[in-house]
Protein chains: 2
Amino acid sequence: MKKMLQRLKLAANPRSVAIVGASPTQNKIGNVVLRNFLDAKFPGKVYPVNPKHTEMYGLKCYAKVSDIPGSVDCVIIATPAETVPGVVEDCAAKKAGGVLILSGGFEEVGRTDLAQRIKEIADANGMPVVGPNCLGIYNPYSKLDSVFLPTYKLERPKPGNIAFITQSGAVGSTVMDLAAFYGLGFSKFISYGNSTVLDESDYLEFLMQDKETEIIILYLEGAKDGRRLLEAMKKVNRVKPIIALKAGRGMGGQAAARSHTGNIAGSYLAYQAAFKQAKVTEAEGISEVFDIVKIFDQPKTAGNRVGVITNGGGMGVLTADAIESEGLALAQFSKETEAELKKILPAYGNVANPLDLVADAGVEAYEKALNLLLKDPGVDALVVVVLLQTPPIDERIIHVLAAAAGNGKKPIATISVGGTYTESYRKVLESKGVPSYNSPRAAVKAMERFITYSKYCAELGKK
Amino acid sequence: MKKMLQRLKLAANPRSVAIVGASPTQNKIGNVVLRNFLDAKFPGKVYPVNPKHTEMYGLKCYAKVSDIPGSVDCVIIATPAETVPGVVEDCAAKKAGGVLILSGGFEEVGRTDLAQRIKEIADANGMPVVGPNCLGIYNPYSKLDSVFLPTYKLERPKPGNIAFITQSGAVGSTVMDLAAFYGLGFSKFISYGNSTVLDESDYLEFLMQDKETEIIILYLEGAKDGRRLLEAMKKVNRVKPIIALKAGRGMGGQAAARSHTGNIAGSYLAYQAAFKQAKVTEAEGISEVFDIVKIFDQPKTAGNRVGVITNGGGMGVLTADAIESEGLALAQFSKETEAELKKILPAYGNVANPLDLVADAGVEAYEKALNLLLKDPGVDALVVVVLLQTPPIDERIIHVLAAAAGNGKKPIATISVGGTYTESYRKVLESKGVPSYNSPRAAVKAMERFITYSKYCAELGKK
């Protein structure tokens, strides 16, 4: 297995890629994938493979992988299921670095025979195989992109430190699209489908070693080997935080998962217990995965006393509610902080937590309040509501929030709720590294998950 | 009180408006409000009132309301708290239809004396007073707009059938902004702040009679009279569904609510029990209010058997999970439906619920599957996942989903998750009356709330 993961590193960072089933016909999988490489100006070699063609987009087209003259680091296969074992065999003969099988029609429809054959070839040759029935790998650093969804419909995230391992291509790709939308950066995206050869535990091990990855998202329907997954999660989560979303919880979901990737979803309670034991952060849904991952770049804190700033009283109330229902505490400001805060509030304002700066508050009031709470030793974390619609708030708020989020000492989550104007600001905030949420509950839930993981790190003696 | 609500109808649909504290200085409240009327080309008369000016934006400016020659249906007050009782007295002398007090500085900062004075004048004259410490009223039908947030920062919804009563201006206005963003229409927006004269129960009664209103959202921190609110909710919710969001749940939230609008938030458990008793739909947070309200225009159903269609297997699994955790049931398709569905699936596809059309599915497959499930008597409601990123899905999906959502028989919720491309489609879908969600859980939760209310209506013998 060590050798296979070593080769996976090569296949995920390839200098040469073969696309089996490459096609000149628009919207065919083999066409979308080939054009991904051309459009992204992939810096290495691209080899279309299709016996029906000799040339494609100006590139020489080969009948089979073993016909390619140079070495091949990564082979992407998008041909019908029946043909795949033969192609994999040819890849092994060619000593290709690794294989990504996008095609479906294996375990999920009862064709375990085909899957078994692929596994035998892979094991016999120490050749890593991702899939089948998946989207393969997107790596913005090496420009590997086997995601067969056009880039104009599904944006690709910029290079970053978030890795995403997903059993479902649909779930993974849409979250990736959302991540790109908000300017978050990815290190690796691995859609692994049926996990015929490599499974989630292998990918976790792989990403623990991956130098670009700092946070790992895991979307899981059913693991091949639960015990091994628990051990892998324990080991990896100590080094890099894992955020897990388990699907296939109820009976109907489990049946759906089985016909989706051919895996047994298994008892959700067992998974939940495993996440707890490994101290893995569990997300309840797609939006939450996304909400949580955004805050994990913030400075860790072992305390749970939250300071809240707002320019809309009702939003402060909702935030206070969420803080209490999530088991966090409202911080008590120090006497010094309170005296200083009094100076920036209008005569009729109340110094309290949540601190309501009221709708008259300008950017300066925010800046002062933020600096005071960042200094106050009784405040461990900040949740900052900024309703961008009030007249005195202008674009300077971006600098103020970005400076606060980059303070390096306390984690910050911001909340702005609104339409077109607010959403455009939120995108800018996200791209400046400010975790931005459009509801108090989402922000506070994410903060709670982050503080819990921070405490675990503190127990481990990690900063 | 009857007389006061009668006059409120006039004040909320005014043909003449006075703005006390109108100002030529940009970003001042009295300036933003005056310009709202000018920008919206308010069809009635607009009277700026400010003793320091004789003219403003080409309009004659009056020293006080009683100086205005004609009748005044609605007076908007944006002057300091100390001056407000005097202005209200002048309004009463003028026999103005009603008064919206935007100014803060009353109960919420301990100035109950000022509030008491206002209440006495209002009661003695049967004159309705909205506020103080609020945003007043937005009515897209009459073009009344006292919301002192510039329209370029906070969009106003188009005319529609949703009324929003909110104790918090911030919460209300941001939800209104979100509603506009997604093309939902409002009938009335009433931000009522301290509820010194009229309170939530009065507004509920008022909206029950309002011919443009069909759905009511209520954001509440603390009611003046809990028993009366319960009775009002019972009465109104039978006629028009109420969606309630209660803030100030924990101790910290309650303290924050007190300093926000001067109201005692009260025991959350008591409110929760009241919502249950009145069969009012409770939302857990802002995003949920918004998620729920979108689906209430769909056809009612008394059954809870949900059919799911998807083109991404993982999304089907997540949707099935949500259906079970929300206490709904996955429908069992009839033999006839199954036979017909088989024809539109690829050879390796499985006929099951969730129905996974797989990523190859085009718009035609959706159309056929939707029509089959709409016909199947074993299916009460539909949740349709459409990942818009797959190559075969093009803009015709809009027509197909809009036709399905307008079928008049079964409620439909759709789910599309993604970035720029997907979000732009979601906006179009919303504007075509298709409830669109960006997560399976949000869609299923909203559907559950709607089915529960539908069942209540069926018990009442309402269609």
# chains A, B, ... in the order shown; residues from 1 in each chain; ligands from 1
>>> interface_residues(of="chain A", to="chain B", cutoff="6 Å", atoms="only C-alpha atoms", output="ChimeraX atom specification")
/A:27,109,149,153-154,168,170-171,174,177-178,181,247-250,252-253,256-257,260,312-314,317-318,320-321,348,389-391,417-419,421
>>> select_by_dssp(residues="stretch 35-227 of chain B", states="strand (DSSP E or B)", output="ChimeraX atom specification")
/B:45-49,55-56,59-60,62,74-77,98-101,129-130,136-139,144-145,158-166,185-191,215-220
>>> atom_distance(atom1="atom CA of A:Lys343", atom2="atom CA of B:Gly222")
29.4 Å
>>> residues_around(residues="stretch 88-98 of chain A", least_positions_apart="2", cutoff="10 Å", atoms="only C-alpha atoms", output="number ranges by chain")
A: 4-12, 14, 16-18, 64-77, 83-86, 100-101, 117-122, 124-130
>>> residues_around(residues="stretch 131-140 of chain A", least_positions_apart="2", cutoff="6 Å", atoms="only C-alpha atoms", output="ChimeraX atom specification")
/A:100-104,142-147,159,169,188-195
>>> write_last_selection(atoms="C-alpha atoms", output="mmCIF file, in the first residue's frame")
data_model
loop_
_atom_site.group_PDB
_atom_site.id
_atom_site.type_symbol
_atom_site.label_atom_id
_atom_site.label_comp_id
_atom_site.auth_asym_id
_atom_site.auth_seq_id
_atom_site.Cartn_x
_atom_site.Cartn_y
_atom_site.Cartn_z
ATOM 1 C CA LEU A 100 -8.524 7.422 -12.623
ATOM 2 C CA ILE A 101 -11.626 5.506 -13.787
ATOM 3 C CA LEU A 102 -14.506 7.881 -14.407
ATOM 4 C CA SER A 103 -16.811 5.278 -16.014
ATOM 5 C CA GLY A 104 -19.775 3.877 -14.069
ATOM 6 C CA SER A 142 -0.452 20.540 -11.097
ATOM 7 C CA LYS A 143 -3.511 21.479 -13.237
ATOM 8 C CA LEU A 144 -4.738 17.886 -13.271
ATOM 9 C CA ASP A 145 -8.506 18.083 -13.857
ATOM 10 C CA SER A 146 -10.557 14.995 -14.666
ATOM 11 C CA VAL A 147 -13.824 16.588 -13.456
ATOM 12 C CA PRO A 159 -4.971 26.834 -5.209
ATOM 13 C CA GLY A 169 -19.027 13.184 -7.409
ATOM 14 C CA LYS A 188 -6.768 18.461 -3.878
ATOM 15 C CA PHE A 189 -10.220 17.304 -4.850
ATOM 16 C CA ILE A 190 -10.540 13.521 -4.945
ATOM 17 C CA SER A 191 -13.828 11.974 -6.030
ATOM 18 C CA TYR A 192 -13.359 8.244 -5.444
ATOM 19 C CA GLY A 193 -16.744 6.643 -6.183
ATOM 20 C CA ASN A 194 -16.796 2.881 -5.628
ATOM 21 C CA SER A 195 -13.398 2.714 -3.862
#
>>> closest_residue(among="B:Gly406, B:Pro241, B:Pro411, B:Gly44", to="B:Gly303", atoms="only C-alpha atoms")
B:Pro411
